[in-house]
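Novice: Below you will find the structure I want to go over with you.
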Amino acid sequence: MQINDFLVVFYWIVTATVFLRIIFKRRPVASSLAWVLIIIVFPILGVLVYLFFGEIQLGKRRAARARALRTPFLENYTKYLKDHSSQSPVGHAGKAIYQLLMQRDGIGSLGYSNLSVLSKPDDIFDAWIADINNAQRDIRMEFYIWHPHGRVVDVTNALIAAVDRGVSVEILIDHAGSWPFFMFSKDVKRMREHGIKLLPALPVNLFRNLVRRADLRLHRKLLVIDHLICYSGSMNMADPRYFNSRKSFGPWIDMMLRFDGAAAFGVSKVFSWDWELESGERNFPQIKDKIPESTHHLSIIPSGPGQGEGVIHQIMLSILHRANESITITTPYFVPSEAIFEALCHAARRGVNVCIVLPRISDSRMASFASQSFYDGLLSAGVEIRLFSRGLLHSKAVIVDEELALVGSMNIDMRSLQLNFELSFALYNPNDCKQVCGLMQEYYQESTAIDAKAWAQRPRYRRVAERFMSFLSPLL
C-alpha cells in the first residue's frame, strides 16, 4: 500500500470514528448535525476542532476532584448552617427553582440581608474597595477578565494593603479570559510577592487540552469578604473607561449584587469548590460566630461541568413555562437552545408579555448573526426585541412576572448553558426584585424596539449569514 493510500484509509477511519462518537453522545440533534457539517466542510480541520472542542471533558484530575467534593461540600453546609431554614418562595416560577435545587442538593435557598443592586462602575469600585479595606480575615475573588487599568489599580493596591495587614487573599482568574494580564502585567508578580494567592483557572495548554476541552471557562464573577459579604453579577475586574475603550460598541454596562449573611457563606463555598478543583487544596470557609438567620431567602445556582450539567437549562425552561404575565430578559449574547426558543415563543403566544433587550452592537460578529437568526420567529410569535444603544449591555437578568429575578454571570447561549462555570442567583423577595426590575426598566427606556416589517426588509446577504450561523449556533 502506498503512503497516499495509507493516509486516505487512516483519514476515513478517524473520520468514521469521530462520526460514531458524535452519534452515540447524548446531545441535541442540532448540535450533532452542526458538528457533522463542520467535519464535512472542513475535512481535516473539522476533526481536529472536534477533538479539542467537541465534547465536555473536564479532565481526569478535575473530574475526580469534582466527584470527591460533593459529599464534603454538602456536609460543610450542615456544620455551619444547621439551624438555618430553607424557605420556599411564594411565586409559581420561584417554586420551580426551589424544588429542583432541593431535590438535587437538599438546599433550596439561603438567608441574606442588606441586598443592593449596583450598576454604576464607580459605585461598584467604591463599594469593593471599602469592603476590602474593612476585611478582617479573608478575601476571595473570581473573575473571567482582570484588566489592570483605571480603578482596577486601586483594587489591586487595596488587596496588597489587606494582605500586608494579615488578611488572607485568594484569587482565581480565568487563564484564557485574562491571558494578557498573566503574560504582560507586572501586577501578577507584585501581588504574589506580597503573599496574594493568585491562580490562573483552567490554563490553556496544548498538551493539557488533548485530554480536556479547551474552551471550558471560569466565567463567574464574585468577591467574598470574611465569608459574610458577597458581590456577584456580570461585571469583570475591568474599568469600562479603559477596557475595550476604542471599540465601536461603547462601554460595557453591568450589574452587581451585594448582600450579606448565610448566602454569602454559600458563595464562599462555591469559591472553595473552584479552588480545590484547580489546586487540589481544600479550604472550606470557617467562621467563629453564628450567622444570624434572615427572613429573606435566595437561591444560589452554580453551574458548569461537574456541578450538575444542565441544571441552569432546566431552571430556565421551568421558569419560562411557568410565567403568567411577563418575561423580561437582558443579555449580551442571545443564542438560545431550541427548547428555550420554543418556550419564549410559546409564552408570547399564550399572552405573556415577552421582552428581550440586547446590545445594538455586539463585540462578537458571529454571535450577533447567530442571535439575529432567531428574530423572525420571535417577532412573529409576538416577542418584543429591543436594542440598547448606550454601550455593550453586559448585564444578565431574567425577570418573570416581576416576582422572580434570575441574576448573575450567565448569558442566554449554549456556552453559558452547557460549558462555562457560571454563578446565578434567584431573588424572591418583592422589594429586591423591584430593584432589579427598576434597572431593567432603565435599560428598556434606553433601547428601541425592532419593527417586524422593517426587519423583514434586511439585505439578502444578512439572511445568508444568519442561516449559516444559525446552523452553527449550538456550538457558539
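We name chains A, B, ... following the order of the C-alpha cells; residues begin at 1 in each chain, and ligands are numbered from 1 as shown.
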Skipping near chain neighbours, those fewer than 5 positions away, what residues fall within 12 Å of Val464 of chain A using only C-alpha atoms, listed as number ranges by chain?
Specialist: A: 369-370, 372-373, 458-459, 469-471
Novice: With N, CA and C atoms kept, could you save the residues just selected as a PDB file, in the first residue's frame?
Specialist:
```pdb
ATOM      1  N   PHE A 369     -24.794  37.536  14.399  1.00  0.00           N
ATOM      2  CA  PHE A 369     -25.543  36.910  13.309  1.00  0.00           C
ATOM      3  C   PHE A 369     -26.351  35.713  13.823  1.00  0.00           C
ATOM      4  N   ALA A 370     -25.748  34.917  14.697  1.00  0.00           N
ATOM      5  CA  ALA A 370     -26.470  33.769  15.250  1.00  0.00           C
ATOM      6  C   ALA A 370     -27.696  34.226  16.031  1.00  0.00           C
ATOM      7  N   GLN A 372     -29.394  37.039  15.586  1.00  0.00           N
ATOM      8  CA  GLN A 372     -30.392  37.601  14.671  1.00  0.00           C
ATOM      9  C   GLN A 372     -31.154  36.530  13.907  1.00  0.00           C
ATOM     10  N   SER A 373     -30.594  35.319  13.812  1.00  0.00           N
ATOM     11  CA  SER A 373     -31.297  34.245  13.124  1.00  0.00           C
ATOM     12  C   SER A 373     -32.571  33.839  13.853  1.00  0.00           C
ATOM     13  N   ARG A 458     -34.405  43.466   5.524  1.00  0.00           N
ATOM     14  CA  ARG A 458     -32.940  43.468   5.626  1.00  0.00           C
ATOM     15  C   ARG A 458     -32.333  42.782   4.401  1.00  0.00           C
ATOM     16  N   PRO A 459     -31.067  43.107   4.076  1.00  0.00           N
ATOM     17  CA  PRO A 459     -30.423  42.583   2.859  1.00  0.00           C
ATOM     18  C   PRO A 459     -30.321  41.056   2.858  1.00  0.00           C
ATOM     19  N   MET A 469     -24.942  30.866  10.471  1.00  0.00           N
ATOM     20  CA  MET A 469     -24.600  30.908  11.884  1.00  0.00           C
ATOM     21  C   MET A 469     -25.674  30.243  12.736  1.00  0.00           C
ATOM     22  N   SER A 470     -26.920  30.241  12.251  1.00  0.00           N
ATOM     23  CA  SER A 470     -27.989  29.542  12.970  1.00  0.00           C
ATOM     24  C   SER A 470     -27.686  28.055  13.053  1.00  0.00           C
ATOM     25  N   PHE A 471     -27.177  27.507  11.939  1.00  0.00           N
ATOM     26  CA  PHE A 471     -26.854  26.086  11.948  1.00  0.00           C
ATOM     27  C   PHE A 471     -25.724  25.783  12.922  1.00  0.00           C
TER      28      PHE A 471
END
```
Novice: Do a neighbour search on segment 274-280 of chain A at 9 Å with only C-alpha atoms, toss out local chain neighbours closer than 3 positions, and write the hits as a list in words.
Specialist: Arg61, Arg62, Ala63, Ala64, Arg65, Ala66, Leu69, Glu170, Ile171, Leu172, Leu199, Pro200, Ala201, Leu202, Leu218, Lys269, Val270, Phe271 and Asn283 of chain A
Novice: May I have the residues from that selection written out with C-alpha atoms, as an mmCIF file, in the first residue's frame?
Specialist:
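See out.cif below for the written result:
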```cif
data_model
loop_
_atom_site.group_PDB
_atom_site.id
_atom_site.type_symbol
_atom_site.label_atom_id
_atom_site.label_comp_id
_atom_site.auth_asym_id
_atom_site.auth_seq_id
_atom_site.Cartn_x
_atom_site.Cartn_y
_atom_site.Cartn_z
ATOM 1 C CA ARG A 61 -7.896 15.011 37.547
ATOM 2 C CA ARG A 62 -10.537 17.727 37.822
ATOM 3 C CA ALA A 63 -13.380 15.263 37.220
ATOM 4 C CA ALA A 64 -12.101 13.047 40.060
ATOM 5 C CA ARG A 65 -11.856 16.050 42.365
ATOM 6 C CA ALA A 66 -15.399 17.116 41.467
ATOM 7 C CA LEU A 69 -16.044 17.097 46.568
ATOM 8 C CA GLU A 170 -7.165 34.155 47.309
ATOM 9 C CA ILE A 171 -7.914 34.942 43.664
ATOM 10 C CA LEU A 172 -8.940 32.731 40.750
ATOM 11 C CA LEU A 199 -4.121 31.160 40.377
ATOM 12 C CA PRO A 200 -4.916 31.036 36.656
ATOM 13 C CA ALA A 201 -8.027 28.896 36.297
ATOM 14 C CA LEU A 202 -8.278 26.236 33.576
ATOM 15 C CA LEU A 218 -14.432 30.035 34.517
ATOM 16 C CA LYS A 269 -18.275 27.587 49.424
ATOM 17 C CA VAL A 270 -18.639 27.883 45.649
ATOM 18 C CA PHE A 271 -15.212 29.502 45.636
ATOM 19 C CA ASN A 283 -10.146 25.310 52.072
#
```
Novice: Can you work out which one of A:Gly233, A:Pro332, A:Pro251, A:Pro285 has the shortest atom-to-atom distance to Ser168 of chain A, counting only C-alpha atoms?
Specialist: A:Pro285
Novice: Take atom CA of Leu417 of chain A and atom CA of Arg70 of chain A and report the distance between them in Å, one decimal.
Specialist: 20.8 Å
Novice: Write out as a VMD selection string each polymer residue whose atoms come within 10 Å of Arg104 of chain A, counting only C-alpha atoms; drop sequence neighbours fewer than 4 positions from it.
Specialist: chain A and resid 98 to 100 108 308 311
Novice: Rounded to one decimal in Å, what is the spacing between atom CA of Gly46 of chain A and atom CA of Ala16 of chain A?
Specialist: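 These two atoms are separated by 12.6 Å.
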Novice: Please return as a ChimeraX atom specification: the residues of segment 339-438 of chain A that backbone DSSP assigns to alpha helix (DSSP H).
Specialist: /A:339-349,365-372,375-381,414,430-438
Novice: Selected residues, C-alpha atoms, written as a PDB file, in the first residue's frame, please.
Specialist:
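Here's the written file selection_23.pdb:
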```pdb
ATOM      1  CA  ALA A 339     -36.109  24.389  23.766  1.00  0.00           C
ATOM      2  CA  ILE A 340     -35.649  27.890  25.244  1.00  0.00           C
ATOM      3  CA  PHE A 341     -36.513  29.499  21.904  1.00  0.00           C
ATOM      4  CA  GLU A 342     -39.737  27.490  21.716  1.00  0.00           C
ATOM      5  CA  ALA A 343     -40.564  28.259  25.358  1.00  0.00           C
ATOM      6  CA  LEU A 344     -40.261  32.012  24.692  1.00  0.00           C
ATOM      7  CA  CYS A 345     -42.432  31.791  21.567  1.00  0.00           C
ATOM      8  CA  HIS A 346     -44.998  29.661  23.383  1.00  0.00           C
ATOM      9  CA  ALA A 347     -45.142  32.130  26.279  1.00  0.00           C
ATOM     10  CA  ALA A 348     -45.757  35.034  23.890  1.00  0.00           C
ATOM     11  CA  ARG A 349     -48.481  33.107  22.030  1.00  0.00           C
ATOM     12  CA  ARG A 365     -19.915  39.368  14.864  1.00  0.00           C
ATOM     13  CA  MET A 366     -20.555  35.629  14.770  1.00  0.00           C
ATOM     14  CA  ALA A 367     -22.693  35.680  17.895  1.00  0.00           C
ATOM     15  CA  SER A 368     -24.591  38.694  16.543  1.00  0.00           C
ATOM     16  CA  PHE A 369     -25.543  36.910  13.309  1.00  0.00           C
ATOM     17  CA  ALA A 370     -26.470  33.769  15.250  1.00  0.00           C
ATOM     18  CA  SER A 371     -28.663  35.844  17.565  1.00  0.00           C
ATOM     19  CA  GLN A 372     -30.392  37.601  14.671  1.00  0.00           C
ATOM     20  CA  TYR A 375     -35.506  37.299  15.406  1.00  0.00           C
ATOM     21  CA  ASP A 376     -38.019  36.282  12.710  1.00  0.00           C
ATOM     22  CA  GLY A 377     -39.510  33.502  14.801  1.00  0.00           C
ATOM     23  CA  LEU A 378     -39.607  35.593  17.957  1.00  0.00           C
ATOM     24  CA  LEU A 379     -41.168  38.627  16.265  1.00  0.00           C
ATOM     25  CA  SER A 380     -43.817  36.537  14.526  1.00  0.00           C
ATOM     26  CA  ALA A 381     -44.756  34.995  17.901  1.00  0.00           C
ATOM     27  CA  MET A 414     -25.152  27.355  24.763  1.00  0.00           C
ATOM     28  CA  PRO A 430     -40.578  41.541  46.272  1.00  0.00           C
ATOM     29  CA  ASN A 431     -38.556  44.600  47.266  1.00  0.00           C
ATOM     30  CA  ASP A 432     -35.299  43.159  45.976  1.00  0.00           C
ATOM     31  CA  CYS A 433     -36.966  42.045  42.750  1.00  0.00           C
ATOM     32  CA  LYS A 434     -38.176  45.613  42.350  1.00  0.00           C
ATOM     33  CA  GLN A 435     -34.578  46.858  42.482  1.00  0.00           C
ATOM     34  CA  VAL A 436     -33.659  44.626  39.549  1.00  0.00           C
ATOM     35  CA  CYS A 437     -36.903  45.473  37.729  1.00  0.00           C
ATOM     36  CA  GLY A 438     -36.124  49.182  38.123  1.00  0.00           C
TER      37      GLY A 438
END
```
Novice: Which residues are near Leu110 of chain A? Cut-off 10 Å, only C-alpha atoms, ignore same chain within fewer than 4 positions. Put them as a list in words.
Specialist: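 Answer for this query is Leu81, His84, Ser85, Ser86, Gln87, Gly261, Ala262, Ala263, Ala264, Phe265, Gly266, Glu293, Ser294, Thr295, His296, His297, Leu298, Ser299 and Ile300 of chain A.
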Novice: By how many Å are atom CA of Ser116 of chain A and atom CA of Met256 of chain A apart?
Specialist: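 Atom CA of Ser116 of chain A sits 8.4 Å away from atom CA of Met256 of chain A.
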Novice: Go through segment 209-322 of chain A residue by residue and, counting only C-alpha atoms, keep those with an atom at most 8 Å from segment 390-402 of chain A; for each kept residue give the shortest atom pair and its distance in Å to one decimal, ordered by chain and increasing number, as CSV.
Specialist:
```
residue,atom,partner,partner_atom,distance
A:Gly233,CA,A:Lys396,CA,7.8
A:Ser234,CA,A:Ser395,CA,5.6
A:Met235,CA,A:Ser395,CA,7.8
A:Phe249,CA,A:Gly391,CA,5.5
A:Gly250,CA,A:Gly391,CA,4.3
A:Pro251,CA,A:Gly391,CA,4.9
A:Trp252,CA,A:Leu392,CA,4.7
A:Ile253,CA,A:Leu393,CA,4.8
A:Asp254,CA,A:Ser395,CA,4.6
A:Met255,CA,A:Ser395,CA,5.4
A:Ile319,CA,A:Val400,CA,7.2
A:Leu320,CA,A:Val400,CA,7.5
```
Novice: Output the selection as a PDB file, in the first residue's frame - C-alpha atoms for each residue.
Specialist:
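Result written to part.pdb:
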```pdb
ATOM      1  CA  GLY A 233     -23.140  39.590  38.921  1.00  0.00           C
ATOM      2  CA  SER A 234     -21.915  40.420  35.438  1.00  0.00           C
ATOM      3  CA  MET A 235     -19.007  42.841  35.941  1.00  0.00           C
ATOM      4  CA  PHE A 249     -19.886  49.278  20.823  1.00  0.00           C
ATOM      5  CA  GLY A 250     -19.026  51.653  23.684  1.00  0.00           C
ATOM      6  CA  PRO A 251     -18.513  50.934  27.393  1.00  0.00           C
ATOM      7  CA  TRP A 252     -19.727  47.714  28.972  1.00  0.00           C
ATOM      8  CA  ILE A 253     -22.886  48.160  31.034  1.00  0.00           C
ATOM      9  CA  ASP A 254     -23.009  45.842  34.053  1.00  0.00           C
ATOM     10  CA  MET A 255     -24.862  44.983  37.229  1.00  0.00           C
ATOM     11  CA  ILE A 319     -39.493  29.477  34.846  1.00  0.00           C
ATOM     12  CA  LEU A 320     -40.331  30.351  31.226  1.00  0.00           C
TER      13      LEU A 320
END
```
Novice: Return the single residue from A:Arg246, A:Lys186, A:Arg220, A:Arg67 that is closest to Gly408 of chain A, with distances computed using only C-alpha atoms.
Specialist: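 Residue with the minimum atom-to-atom distance to Gly408 of chain A: A:Arg220.
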Novice: In terms of the shortest atom-to-atom distance over only C-alpha atoms, which of A:Val36, A:Gly111, A:Gln445, A:Asp451 is closest to Asn429 of chain A?
Specialist: A:Gly111
Novice: Between A:Phe374, A:Lys221, A:Leu257, A:Tyr242, which is the closest to Met410 of chain A once you count only C-alpha atoms?
Specialist: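 The shortest atom-to-atom distance to Met410 of chain A comes from A:Lys221.
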Novice: May I have the residues within 12 Å of segment 95-97 of chain A as a ChimeraX atom specification, using only C-alpha atoms and disregarding those fewer than 4 positions away in the same chain?
Specialist: /A:87-91,101-104,107-109,298-301,311-323,403-406,424-428
